>>> print(open('protein-v1.txt').read())   # compact mmCIF, C-alpha atoms and all ligand atoms
# COMPACT_ATOMS: atom_id res chain seq x y z
CA MET A 105 117.95 -121.84 40.04
CA LYS A 106 118.39 -124.61 37.53
CA LEU A 107 118.29 -123.03 34.12
CA ALA A 108 118.16 -124.57 30.63
CA VAL A 109 119.79 -122.26 28.09
CA MET A 110 118.94 -122.58 24.41
CA ALA A 111 120.67 -119.87 22.42
CA GLY A 112 119.47 -121.08 19.01
CA ASP A 113 120.51 -119.53 15.69
CA GLY A 114 121.73 -116.30 14.15
CA ILE A 115 121.89 -113.48 16.69
CA GLY A 116 120.45 -115.84 19.35
CA PRO A 117 123.88 -116.90 20.69
CA GLU A 118 125.19 -113.32 20.40
CA VAL A 119 122.50 -111.78 22.59
CA MET A 120 122.35 -114.83 24.87
CA ASN A 121 126.02 -114.38 25.66
CA GLU A 122 125.25 -110.94 27.13
CA ALA A 123 122.28 -112.24 29.14
CA LEU A 124 124.46 -114.99 30.62
CA LYS A 125 127.13 -112.42 31.52
CA VAL A 126 124.43 -110.48 33.38
CA LEU A 127 123.14 -113.57 35.21
CA ASN A 128 126.67 -114.60 36.18
CA THR A 129 127.31 -111.09 37.49
CA LEU A 130 124.21 -111.28 39.68
CA SER A 131 125.24 -114.65 40.99
CA SER A 132 128.74 -113.33 41.84
CA LEU A 133 127.20 -110.36 43.68
CA ASP A 134 124.59 -112.31 45.63
CA SER A 135 125.67 -115.51 47.34
CA GLY A 136 122.00 -116.41 47.83
CA PHE A 137 121.50 -116.56 44.06
CA GLN A 138 122.96 -119.82 42.91
CA LEU A 139 122.69 -120.53 39.29
CA GLU A 140 123.09 -123.90 37.69
CA MET A 141 123.01 -123.50 33.92
CA GLU A 142 123.03 -126.07 31.20
CA GLU A 143 123.49 -124.97 27.61
CA LEU A 144 121.55 -127.08 25.14
CA PRO A 145 122.69 -126.97 21.50
CA TRP A 146 119.23 -127.56 20.01
CA SER A 147 119.08 -125.33 16.96
CA SER A 148 119.19 -125.36 13.17
CA ALA A 149 122.84 -126.43 13.27
CA TYR A 150 121.79 -129.36 15.45
CA TYR A 151 119.08 -130.18 12.91
CA MET A 152 121.50 -130.15 10.01
CA GLU A 153 123.72 -132.57 11.90
CA THR A 154 121.07 -134.92 13.32
CA GLY A 155 117.88 -134.41 11.30
CA ARG A 156 116.03 -133.28 14.43
CA MET A 157 115.62 -129.94 16.20
CA MET A 158 115.85 -131.64 19.59
CA PRO A 159 116.74 -135.18 20.58
CA GLU A 160 114.18 -137.79 21.52
CA GLY A 161 113.10 -137.33 25.13
CA ALA A 162 114.05 -133.64 25.06
CA LEU A 163 110.82 -132.48 26.65
CA ASP A 164 111.13 -135.00 29.49
CA TYR A 165 114.63 -133.74 30.04
CA LEU A 166 113.58 -130.06 30.04
CA ARG A 167 110.80 -130.66 32.57
CA HIS A 168 113.24 -130.85 35.40
CA PHE A 169 114.57 -127.33 34.98
CA ASP A 170 113.20 -124.33 36.87
CA ALA A 171 113.12 -122.22 33.69
CA ILE A 172 114.20 -122.11 30.07
CA LEU A 173 116.03 -119.12 28.65
CA PHE A 174 115.66 -119.11 24.90
CA GLY A 175 117.41 -116.99 22.25
CA ALA A 176 115.98 -117.14 18.76
CA ILE A 177 115.69 -119.67 16.03
CA GLY A 178 115.61 -119.57 12.23
CA ASP A 179 118.12 -120.36 9.49
CA ALA A 180 117.74 -120.04 5.74
CA ARG A 181 118.93 -123.64 5.29
CA VAL A 182 116.07 -125.09 7.37
CA PRO A 183 112.39 -124.44 6.58
CA ASP A 184 110.92 -122.00 9.16
CA GLU A 185 108.05 -124.37 9.87
CA VAL A 186 110.55 -126.99 11.02
CA THR A 187 112.37 -124.68 13.41
CA ILE A 188 109.11 -123.33 14.81
CA TRP A 189 107.03 -126.52 14.92
CA ASP A 190 109.75 -128.95 16.00
CA LEU A 191 111.20 -126.80 18.75
CA ILE A 192 109.32 -123.74 20.00
CA MET A 193 105.73 -124.92 19.57
CA PRO A 194 106.16 -128.29 21.29
CA ILE A 195 107.73 -126.54 24.30
CA ARG A 196 105.01 -123.88 24.52
CA LYS A 197 102.17 -126.35 24.03
CA GLN A 198 103.38 -129.39 26.00
CA PHE A 199 104.49 -127.28 28.93
CA GLN A 200 101.12 -125.51 28.90
CA GLN A 201 102.80 -122.12 28.63
CA TYR A 202 99.45 -120.67 27.79
CA VAL A 203 100.20 -117.06 28.74
CA ASN A 204 102.67 -115.19 26.58
CA VAL A 205 103.47 -111.99 28.46
CA ARG A 206 104.69 -109.25 26.15
CA PRO A 207 105.39 -105.89 27.76
CA VAL A 208 105.08 -102.87 25.45
CA LYS A 209 106.97 -100.44 27.63
CA GLN A 210 109.10 -97.49 26.77
CA LEU A 211 112.32 -97.75 28.74
CA LYS A 212 113.73 -94.51 30.13
CA GLY A 213 116.03 -93.00 27.54
CA VAL A 214 114.35 -94.63 24.55
CA ALA A 215 112.29 -92.44 22.26
CA SER A 216 109.14 -93.62 20.56
CA PRO A 217 108.71 -92.73 16.88
CA LEU A 218 105.38 -91.34 18.03
CA ASP A 219 104.94 -88.09 19.84
CA THR A 220 102.79 -89.31 22.75
CA LYS A 221 101.43 -87.36 25.71
CA ALA A 222 102.65 -89.92 28.25
CA PRO A 223 105.15 -92.79 28.16
CA ILE A 224 103.86 -95.97 26.52
CA ASP A 225 103.51 -98.71 29.11
CA PHE A 226 101.13 -101.61 28.68
CA VAL A 227 101.26 -105.36 28.56
CA VAL A 228 99.84 -107.76 26.04
CA PHE A 229 98.78 -111.21 27.18
CA ARG A 230 98.81 -113.41 24.14
CA GLU A 231 97.11 -116.81 24.14
CA ASN A 232 100.01 -119.18 23.57
CA ALA A 233 98.81 -122.76 23.48
CA GLU A 234 95.95 -122.95 20.95
CA GLY A 235 94.18 -120.62 18.53
CA GLU A 236 95.28 -119.92 15.00
CA TYR A 237 98.65 -121.65 15.48
CA SER A 238 97.34 -125.17 15.07
CA HIS A 239 98.65 -128.11 13.15
CA MET A 240 95.20 -129.00 11.86
CA GLY A 241 94.33 -128.65 8.23
CA GLY A 242 95.82 -129.64 4.96
CA ARG A 243 96.36 -129.03 1.30
CA MET A 244 94.52 -130.77 -1.49
CA TYR A 245 94.60 -131.09 -5.25
CA ASP A 246 98.33 -130.27 -5.49
CA GLN A 247 99.63 -129.09 -8.78
CA THR A 248 96.15 -128.44 -10.18
CA ASP A 249 94.25 -125.23 -10.69
CA GLN A 250 91.89 -126.36 -7.92
CA GLU A 251 94.68 -126.54 -5.36
CA MET A 252 93.41 -125.44 -1.96
CA ALA A 253 94.42 -125.26 1.67
CA VAL A 254 92.48 -125.31 4.93
CA GLN A 255 93.93 -124.28 8.28
CA THR A 256 91.86 -124.82 11.38
CA THR A 257 91.77 -122.45 14.34
CA VAL A 258 91.13 -124.20 17.61
CA MET A 259 89.71 -122.21 20.49
CA THR A 260 88.37 -123.73 23.68
CA LYS A 261 86.35 -122.20 26.45
CA ALA A 262 88.90 -123.48 28.98
CA GLY A 263 91.79 -122.04 26.97
CA ILE A 264 90.24 -118.60 26.56
CA ARG A 265 89.11 -118.56 30.17
CA ARG A 266 92.50 -119.30 31.71
CA LEU A 267 94.25 -116.71 29.53
CA SER A 268 91.73 -113.96 30.14
CA ASP A 269 91.49 -114.76 33.83
CA TYR A 270 95.24 -114.27 34.03
CA GLY A 271 94.90 -110.91 32.27
CA PHE A 272 92.11 -109.62 34.50
CA ALA A 273 93.83 -110.85 37.67
CA TYR A 274 97.01 -109.09 36.58
CA ALA A 275 95.06 -105.88 35.95
CA ARG A 276 93.48 -106.01 39.41
CA LYS A 277 96.74 -106.83 41.14
CA HIS A 278 98.53 -103.94 39.45
CA GLY A 279 95.82 -101.35 39.96
CA LYS A 280 94.89 -101.12 36.28
CA LYS A 281 91.42 -99.97 35.38
CA THR A 282 90.97 -101.44 31.90
CA VAL A 283 91.39 -104.59 29.87
CA THR A 284 91.18 -104.42 26.09
CA SER A 285 90.34 -107.58 24.16
CA ALA A 286 91.41 -107.85 20.52
CA THR A 287 88.61 -109.45 18.55
CA LYS A 288 87.31 -109.97 15.02
CA SER A 289 83.96 -111.56 15.78
CA ASN A 290 82.27 -109.57 13.06
CA ALA A 291 84.00 -111.66 10.40
CA ILE A 292 85.36 -114.75 12.17
CA ILE A 293 82.06 -115.76 13.61
CA HIS A 294 82.73 -119.10 15.31
CA THR A 295 86.01 -118.93 17.17
CA MET A 296 85.99 -115.19 17.79
CA LYS A 297 82.42 -115.16 19.07
CA LEU A 298 83.39 -117.83 21.57
CA TRP A 299 86.40 -115.64 22.46
CA ASP A 300 84.11 -112.64 23.09
CA ASP A 301 81.55 -114.64 25.09
CA VAL A 302 84.09 -116.24 27.39
CA ILE A 303 85.95 -112.99 27.98
CA ARG A 304 82.72 -111.15 28.76
CA GLU A 305 81.87 -113.89 31.27
CA VAL A 306 85.30 -113.71 32.91
CA GLY A 307 85.06 -109.91 32.93
CA GLN A 308 81.89 -110.13 35.03
CA GLU A 309 84.01 -111.63 37.80
CA TYR A 310 86.06 -108.41 37.75
CA PRO A 311 83.49 -105.62 38.05
CA ASP A 312 86.28 -103.23 39.09
CA ILE A 313 87.93 -103.58 35.67
CA GLN A 314 86.43 -102.09 32.54
CA LEU A 315 86.48 -104.46 29.56
CA SER A 316 86.56 -103.10 26.01
CA SER A 317 86.29 -105.47 23.11
CA VAL A 318 87.87 -103.84 20.07
CA TYR A 319 88.11 -105.14 16.51
CA ILE A 320 91.74 -105.92 15.78
CA ASP A 321 91.88 -103.75 12.67
CA ALA A 322 90.71 -100.66 14.54
CA LEU A 323 92.89 -101.62 17.49
CA ALA A 324 95.94 -101.52 15.23
CA ALA A 325 95.10 -97.90 14.46
CA TYR A 326 94.51 -97.07 18.14
CA PHE A 327 97.93 -98.53 18.96
CA ILE A 328 99.31 -95.70 16.80
CA ASN A 329 96.80 -92.96 17.73
CA ARG A 330 96.71 -93.41 21.48
CA PRO A 331 99.14 -96.11 22.67
CA GLU A 332 99.49 -94.42 26.06
CA SER A 333 95.82 -95.20 26.81
CA PHE A 334 96.26 -98.99 26.99
CA GLU A 335 96.97 -100.87 30.20
CA VAL A 336 96.28 -104.57 29.60
CA VAL A 337 95.52 -106.11 26.21
CA ILE A 338 94.43 -109.72 25.75
CA ALA A 339 94.73 -111.31 22.35
CA SER A 340 94.65 -114.64 20.55
CA ASN A 341 97.85 -116.34 19.43
CA LEU A 342 98.02 -114.75 15.95
CA PHE A 343 96.60 -111.36 16.88
CA GLY A 344 98.91 -111.12 19.89
CA ASP A 345 101.93 -112.02 17.80
CA ILE A 346 101.27 -109.29 15.26
CA LEU A 347 100.12 -106.64 17.74
CA THR A 348 103.29 -107.04 19.80
CA ASP A 349 105.68 -106.56 16.89
CA LEU A 350 103.65 -103.40 16.22
CA GLY A 351 104.01 -102.60 19.92
CA ALA A 352 107.77 -103.18 19.69
CA GLY A 353 107.91 -100.67 16.86
CA LEU A 354 106.27 -98.11 19.16
CA VAL A 355 108.83 -98.44 21.92
CA GLY A 356 112.15 -98.65 20.11
CA GLY A 357 112.06 -101.81 18.05
CA LEU A 358 112.44 -105.57 18.19
CA GLY A 359 115.84 -105.32 19.83
CA LEU A 360 114.15 -104.05 22.99
CA SER A 361 111.13 -106.34 23.32
CA PRO A 362 111.10 -109.34 25.68
CA SER A 363 108.57 -112.04 26.43
CA ALA A 364 107.69 -114.70 28.96
CA ASN A 365 105.91 -117.94 28.03
CA LEU A 366 104.32 -118.80 31.34
CA ASN A 367 102.90 -121.94 32.80
CA PRO A 368 101.30 -120.03 35.67
CA GLU A 369 100.60 -123.11 37.78
CA GLY A 370 104.29 -123.99 37.81
CA ARG A 371 103.66 -127.60 36.82
CA PHE A 372 106.12 -127.16 33.98
CA PRO A 373 109.02 -124.77 33.45
CA SER A 374 108.25 -121.43 31.84
CA MET A 375 110.32 -120.11 28.93
CA PHE A 376 111.71 -116.61 28.47
CA GLU A 377 112.73 -115.23 25.06
CA PRO A 378 112.92 -112.02 23.08
CA ILE A 379 110.06 -111.58 20.64
CA HIS A 380 112.50 -111.12 17.77
CA GLY A 381 113.86 -113.89 15.57
CA SER A 382 117.38 -114.84 14.48
CA ALA A 383 117.83 -111.62 12.42
CA PRO A 384 119.93 -113.15 9.63
CA ASP A 385 120.43 -109.68 8.14
CA ILE A 386 122.64 -108.60 11.05
CA SER A 387 123.91 -111.86 12.52
CA GLY A 388 127.66 -112.43 12.85
CA LYS A 389 128.34 -108.69 12.92
CA GLY A 390 128.22 -108.09 16.67
CA MET A 391 125.57 -105.42 16.22
CA ALA A 392 122.45 -107.03 17.66
CA ASN A 393 120.85 -105.27 20.59
CA PRO A 394 121.01 -107.58 23.63
CA VAL A 395 118.40 -105.67 25.67
CA ALA A 396 115.42 -107.85 24.63
CA GLN A 397 117.33 -110.95 25.73
CA ILE A 398 118.55 -109.40 28.99
CA TRP A 399 115.04 -108.11 29.74
CA SER A 400 113.71 -111.64 29.09
CA ALA A 401 116.18 -112.88 31.71
CA ALA A 402 114.82 -110.20 34.07
CA LEU A 403 111.28 -111.50 33.49
CA MET A 404 112.60 -114.94 34.37
CA LEU A 405 114.09 -113.67 37.64
CA GLU A 406 110.80 -111.97 38.48
CA HIS A 407 108.77 -115.09 37.77
CA ASN A 408 111.19 -117.39 39.59
CA GLY A 409 111.10 -115.66 42.94
CA ARG A 410 113.79 -112.98 42.56
CA PRO A 411 111.94 -109.75 41.69
CA ASP A 412 114.70 -107.88 43.54
CA LEU A 413 117.32 -109.07 41.05
CA SER A 414 114.94 -108.39 38.19
CA ASP A 415 114.67 -104.76 39.37
CA ILE A 416 118.45 -104.44 39.49
CA VAL A 417 118.69 -105.58 35.86
CA MET A 418 115.89 -103.25 34.73
CA ASN A 419 117.47 -100.31 36.54
CA GLY A 420 120.84 -101.16 34.99
CA MET A 421 119.38 -101.20 31.46
CA GLU A 422 117.51 -97.95 32.00
CA ALA A 423 120.58 -96.29 33.50
CA VAL A 424 122.59 -97.14 30.38
CA LEU A 425 119.89 -96.07 27.94
CA ALA A 426 119.00 -92.87 29.81
CA GLU A 427 122.44 -91.69 30.91
CA GLN A 428 125.07 -93.10 28.61
CA ASP A 429 125.95 -92.88 24.98
CA VAL A 430 126.09 -96.64 24.51
CA ARG A 431 123.70 -97.73 21.79
CA THR A 432 123.59 -100.50 19.21
CA PRO A 433 122.91 -99.48 15.57
CA ASP A 434 119.18 -100.29 15.77
CA LEU A 435 118.97 -97.39 18.26
CA GLY A 436 121.07 -95.14 16.06
CA GLY A 437 124.39 -95.77 17.83
CA LYS A 438 127.69 -97.44 17.00
CA SER A 439 128.18 -99.71 20.01
CA SER A 440 128.51 -103.45 19.71
CA THR A 441 126.41 -106.13 21.35
CA ALA A 442 129.18 -106.73 23.90
CA ASP A 443 129.66 -102.97 24.60
CA MET A 444 126.01 -102.77 25.49
CA GLY A 445 126.14 -105.87 27.71
CA ASP A 446 129.29 -104.59 29.45
CA ALA A 447 127.73 -101.17 30.10
CA ILE A 448 124.67 -102.83 31.64
CA ILE A 449 126.91 -104.97 33.85
CA ARG A 450 128.78 -101.85 35.02
CA ALA A 451 125.44 -100.23 35.80
CA ILE A 452 124.46 -103.31 37.82
CA HIS A 453 127.70 -103.14 39.81
CA ALA A 454 127.05 -99.45 40.43
CA GLN A 455 123.83 -100.33 42.29
CA THR A 456 125.27 -102.89 44.67
P1 LIG B 501 113.53 -110.94 13.03
O1 LIG B 501 112.89 -110.57 14.31
O2 LIG B 501 114.63 -111.94 13.11
O3 LIG B 501 114.11 -109.62 12.34
C1 LIG B 501 113.28 -108.54 11.92
C2 LIG B 501 114.11 -107.23 11.87
O4 LIG B 501 114.42 -106.80 13.18
C3 LIG B 501 115.45 -107.42 11.14
O5 LIG B 501 115.75 -106.28 10.40
C4 LIG B 501 116.44 -107.57 12.29
O6 LIG B 501 117.74 -107.15 11.99
C5 LIG B 501 115.83 -106.69 13.36
N1 LIG B 501 116.17 -107.20 14.71
C6 LIG B 501 115.65 -108.30 15.32
N2 LIG B 501 116.21 -108.48 16.50
C7 LIG B 501 117.12 -107.49 16.68
C8 LIG B 501 118.05 -107.14 17.71
N3 LIG B 501 118.14 -107.87 18.85
N4 LIG B 501 118.83 -106.07 17.54
C9 LIG B 501 118.73 -105.32 16.44
N5 LIG B 501 117.90 -105.58 15.41
C10 LIG B 501 117.09 -106.66 15.53
O7 LIG B 501 112.36 -111.45 12.08
P2 LIG B 501 112.41 -112.07 10.59
O8 LIG B 501 113.49 -111.42 9.81
O9 LIG B 501 111.03 -112.02 10.14
O10 LIG B 501 112.78 -113.60 10.79
C11 LIG B 501 114.10 -114.13 10.75
C12 LIG B 501 114.08 -115.59 11.20
O11 LIG B 501 113.71 -115.65 12.59
C13 LIG B 501 113.07 -116.45 10.47
O12 LIG B 501 113.68 -117.70 10.25
C14 LIG B 501 111.90 -116.58 11.43
O13 LIG B 501 111.14 -117.76 11.27
C15 LIG B 501 112.62 -116.57 12.73
N6 LIG B 501 111.82 -116.14 13.90
C16 LIG B 501 112.01 -116.82 15.06
C17 LIG B 501 111.37 -116.43 16.21
C18 LIG B 501 111.69 -117.16 17.48
O14 LIG B 501 112.76 -117.74 17.62
N7 LIG B 501 110.80 -117.19 18.45
C19 LIG B 501 110.54 -115.32 16.20
C20 LIG B 501 110.37 -114.61 15.00
C21 LIG B 501 111.03 -115.02 13.86
MN MN B 502 106.50 -113.07 16.34
>>> encode(input="protein-v1.txt", output="structure tokens", more="lines below")
Ligand code: NAD
Ligand code: MN
Amino acid sequence: MKLAVMAGDGIGPEVMNEALKVLNTLSSLDSGFQLEMEELPWSSAYYMETGRMMPEGALDYLRHFDAILFGAIGDARVPDEVTIWDLIMPIRKQFQQYVNVRPVKQLKGVASPLDTKAPIDFVVFRENAEGEYSHMGGRMYDQTDQEMAVQTTVMTKAGIRRLSDYGFAYARKHGKKTVTSATKSNAIIHTMKLWDDVIREVGQEYPDIQLSSVYIDALAAYFINRPESFEVVIASNLFGDILTDLGAGLVGGLGLSPSANLNPEGRFPSMFEPIHGSAPDISGKGMANPVAQIWSAALMLEHNGRPDLSDIVMNGMEAVLAEQDVRTPDLGGKSSTADMGDAIIRAIHAQT
């Protein structure tokens, strides 16, 4: 497996270090798992040195990897729109990583702040290549009282169809009975009505799956009232982003929530990253939780043909969280980032 590693900023390199320790452990335990990793320094520090987030030709260079493992990006000295739009967005969009898989799953040993009847375990498929996160629009009449801004949402039938088809197919394959679509077509009447229409059409190809279209505002409340009732949620780029940080809060926090940016056809590499950012408030202190990053690496193994290794990593993380008193401060413990990574590695060794 030829892997591009971009640790990024803040806690990115701290949690990435633990994920790489885990991957190297797997490769030392399994001679059939050969890992060729290249660490790429593209980050805010790189920007401050060169004036660019990534060098010219970076995307052509990345194309030849099997996968990209990404940490997090964001630094107070660089505007957030630069770090996002000159690094993450071009990768997601150019590599047609149109499905952002975001599990909202309570790991064994992790309590939810909610008192639910059953463990929370669903997955959000967020549209990742178009939607509200567009570059189109502009500001006018600067410095006057009439100053205004317009930001265009772009939704296409093809874009909505491929995302929702992925969600329904996943539901069928995994024996799920329901798909919930996050909408707001009562107020956003052009793009969101297209969203509803296309999803209804795709849903008709899956008569075994029950589709519910729910207004995003009410859905936010249902995430709190009955999170255990969801199985598969499909959402636009913005709605999916917000819903999954809410989801993370339900299952132990941002330190535990991974994601996969998939190009399902495999024409381009997919990218795996925690949903959290660079967490400047805790960076440099060795207290970041590495689980979201390690779980993202597990999603990468699953997607790249090694679901067996992915299971070993998941079991290792759950063994630590359920059976040991090793916890980073976000989970109420005193352990360091490296303590947590080391405990997970011991739990991986214990299985082999
Ligand atoms: P954030 O996710 O970085 O942090 C939010 C809160 O969660 C903070 O209190 C932080 O300490 C905590 N947290 C996050 N990850 C954690 C972990 N692994 N362990 C323990 N606690 C953790 O979001 P923010 O503060 O809104 O943004 C900070 C920077 O990150 C900004 O520059 C933003 O643009 C950027 N950002 C980047 C990405 C990305 O790289 N894909 C995603 C979101 C935000
Ligand atoms: Mn986000």
>>> axis_aligned_box(input="protein-v1.txt", around="ligand LIG 501 (chain B)", padding_each_side="6 Å", output="JSON")
{"center_x": 114.6, "center_y": -111.5, "center_z": 14.3, "size_x": 20.5, "size_y": 24.4, "size_z": 21.0}
>>> closest_residue(input="protein-v1.txt", among="A:Asp446, A:Asp300, A:Asp113, A:Glu231", to="ligand LIG 501 (chain B)", atoms="all atoms listed in the file")
A:Asp113
>>> residues_near_ligand(input="protein-v1.txt", ligand="ligand LIG 501 (chain B)", cutoff="8 Å", atoms="only C-alpha atoms and all ligand atoms", output="ChimeraX atom specification")
/A:112,115,119,174-180,183-185,187-188,192,357-360,377-387,391-397,432-434
>>> write_last_selection(input="protein-v1.txt", atoms="C-alpha atoms", output="tab-separated table (two decimals), in the frame of the given file")
chain	number	residue	atom	x	y	z
A	112	GLY	CA	119.47	-121.08	19.01
A	115	ILE	CA	121.89	-113.48	16.69
A	119	VAL	CA	122.50	-111.78	22.59
A	174	PHE	CA	115.66	-119.11	24.90
A	175	GLY	CA	117.41	-116.99	22.25
A	176	ALA	CA	115.98	-117.14	18.76
A	177	ILE	CA	115.69	-119.67	16.03
A	178	GLY	CA	115.61	-119.57	12.23
A	179	ASP	CA	118.12	-120.36	9.49
A	180	ALA	CA	117.74	-120.04	5.74
A	183	PRO	CA	112.39	-124.44	6.58
A	184	ASP	CA	110.92	-122.00	9.16
A	185	GLU	CA	108.05	-124.37	9.87
A	187	THR	CA	112.37	-124.68	13.41
A	188	ILE	CA	109.11	-123.33	14.81
A	192	ILE	CA	109.32	-123.74	20.00
A	357	GLY	CA	112.06	-101.81	18.05
A	358	LEU	CA	112.44	-105.57	18.19
A	359	GLY	CA	115.84	-105.32	19.83
A	360	LEU	CA	114.15	-104.05	22.99
A	377	GLU	CA	112.73	-115.23	25.06
A	378	PRO	CA	112.92	-112.02	23.08
A	379	ILE	CA	110.06	-111.58	20.64
A	380	HIS	CA	112.50	-111.12	17.77
A	381	GLY	CA	113.86	-113.89	15.57
A	382	SER	CA	117.38	-114.84	14.48
A	383	ALA	CA	117.83	-111.62	12.42
A	384	PRO	CA	119.93	-113.15	9.63
A	385	ASP	CA	120.43	-109.68	8.14
A	386	ILE	CA	122.64	-108.60	11.05
A	387	SER	CA	123.91	-111.86	12.52
A	391	MET	CA	125.57	-105.42	16.22
A	392	ALA	CA	122.45	-107.03	17.66
A	393	ASN	CA	120.85	-105.27	20.59
A	394	PRO	CA	121.01	-107.58	23.63
A	395	VAL	CA	118.40	-105.67	25.67
A	396	ALA	CA	115.42	-107.85	24.63
A	397	GLN	CA	117.33	-110.95	25.73
A	432	THR	CA	123.59	-100.50	19.21
A	433	PRO	CA	122.91	-99.48	15.57
A	434	ASP	CA	119.18	-100.29	15.77
>>> closest_residue(input="protein-v1.txt", among="A:Pro368, A:Pro159, A:Pro217, A:Gly114", to="Arg181 of chain A", atoms="all atoms listed in the file")
A:Gly114
>>> residues_near_point(input="protein-v1.txt", point="(105.9, -95.0, 18.6)", cutoff="7 Å", atoms="all atoms listed in the file", output="PDB file with C-alpha atoms, in the coordinates of the input")
ATOM      1  CA  SER A 216     109.140 -93.620  20.560  1.00  0.00           C
ATOM      2  CA  PRO A 217     108.710 -92.730  16.880  1.00  0.00           C
ATOM      3  CA  LEU A 218     105.380 -91.340  18.030  1.00  0.00           C
ATOM      4  CA  ILE A 328      99.310 -95.700  16.800  1.00  0.00           C
ATOM      5  CA  GLY A 353     107.910-100.670  16.860  1.00  0.00           C
ATOM      6  CA  LEU A 354     106.270 -98.110  19.160  1.00  0.00           C
ATOM      7  CA  VAL A 355     108.830 -98.440  21.920  1.00  0.00           C
TER       8      VAL A 355
END
>>> atom_distance(input="protein-v1.txt", atom1="atom CA of Val424 of chain A", atom2="atom CA of Ser361 of chain A")
16.3 Å
>>> closest_residue(input="protein-v1.txt", among="A:Ala171, A:Met244, A:Leu350, A:Ile398", to="ligand MN 502 (chain B)", atoms="only C-alpha atoms and all ligand atoms")
A:Leu350
>>> residues_around(input="protein-v1.txt", residues="Gly307 of chain A", least_positions_apart="6", cutoff="9 Å", atoms="all atoms listed in the file", output="CSV table (one decimal) with C-alpha atoms, in the coordinates of the input")
chain,number,residue,atom,x,y,z
A,268,SER,CA,91.7,-114.0,30.1
A,269,ASP,CA,91.5,-114.8,33.8
A,272,PHE,CA,92.1,-109.6,34.5
A,283,VAL,CA,91.4,-104.6,29.9
A,313,ILE,CA,87.9,-103.6,35.7
A,314,GLN,CA,86.4,-102.1,32.5
A,315,LEU,CA,86.5,-104.5,29.6
>>> residues_around(input="protein-v1.txt", residues="segment 202-215 of chain A", least_positions_apart="6", cutoff="9 Å", atoms="all atoms listed in the file", output="ChimeraX atom specification")
/A:196,223-234,263,266-267,270-271,341,344,348,351-352,354-356,360-368,379,418,421-427,435
>>> closest_residue(input="protein-v1.txt", among="A:Ile338, A:Ile172, A:Met252, A:Met120", to="Ala275 of chain A", atoms="all atoms listed in the file")
A:Ile338
>>> atom_distance(input="protein-v1.txt", atom1="atom CA of Gly279 of chain A", atom2="atom CA of Leu403 of chain A")
19.6 Å
>>> residues_around(input="protein-v1.txt", residues="Leu323 of chain A", least_positions_apart="5", cutoff="10 Å", atoms="only C-alpha atoms", output="PDB file with C-alpha atoms, keeping the file's coordinate frame")
ATOM      1  CA  THR A 284      91.180-104.420  26.090  1.00  0.00           C
ATOM      2  CA  SER A 285      90.340-107.580  24.160  1.00  0.00           C
ATOM      3  CA  ALA A 286      91.410-107.850  20.520  1.00  0.00           C
ATOM      4  CA  THR A 287      88.610-109.450  18.550  1.00  0.00           C
ATOM      5  CA  SER A 317      86.290-105.470  23.110  1.00  0.00           C
ATOM      6  CA  VAL A 318      87.870-103.840  20.070  1.00  0.00           C
ATOM      7  CA  ILE A 328      99.310 -95.700  16.800  1.00  0.00           C
ATOM      8  CA  ASN A 329      96.800 -92.960  17.730  1.00  0.00           C
ATOM      9  CA  ARG A 330      96.710 -93.410  21.480  1.00  0.00           C
ATOM     10  CA  PRO A 331      99.140 -96.110  22.670  1.00  0.00           C
ATOM     11  CA  LEU A 347     100.120-106.640  17.740  1.00  0.00           C
TER      12      LEU A 347
END
>>> closest_residue(input="protein-v1.txt", among="A:Phe334, A:Tyr237, A:Gln308, A:Asp301", to="ligand MN 502 (chain B)", atoms="only C-alpha atoms and all ligand atoms")
A:Tyr237
>>> closest_residue(input="protein-v1.txt", among="A:Leu191, A:Ile292, A:Val109, A:Leu342", to="ligand MN 502 (chain B)", atoms="all atoms listed in the file")
A:Leu342
>>> atom_distance(input="protein-v1.txt", atom1="atom CA of Ala253 of chain A", atom2="atom CA of His239 of chain A")
12.6 Å
>>> residues_around(input="protein-v1.txt", residues="Leu413 of chain A", least_positions_apart="6", cutoff="10 Å", atoms="all atoms listed in the file", output="list in words")
Leu127, Leu130, Ser131, Asp134, Phe137, Ala402, Leu403, Leu405, Glu406, Asn419 and Ile452 of chain A
>>> residues_around(input="protein-v1.txt", residues="Ala149 of chain A", least_positions_apart="2", cutoff="10 Å", atoms="all atoms listed in the file", output="list in words")
Gly112, Asp113, Pro145, Trp146, Ser147, Tyr151, Met152, Glu153, Thr154, Gly155, Arg156, Met157, Asp179, Arg181 and Val182 of chain A
>>> residues_near_point(input="protein-v1.txt", point="(130.1, -112.9, 22.3)", cutoff="7 Å", atoms="all atoms listed in the file", output="PDB file with C-alpha atoms, in the frame of the given file")
ATOM      1  CA  GLU A 118     125.190-113.320  20.400  1.00  0.00           C
ATOM      2  CA  ASN A 121     126.020-114.380  25.660  1.00  0.00           C
ATOM      3  CA  ALA A 442     129.180-106.730  23.900  1.00  0.00           C
TER       4      ALA A 442
END
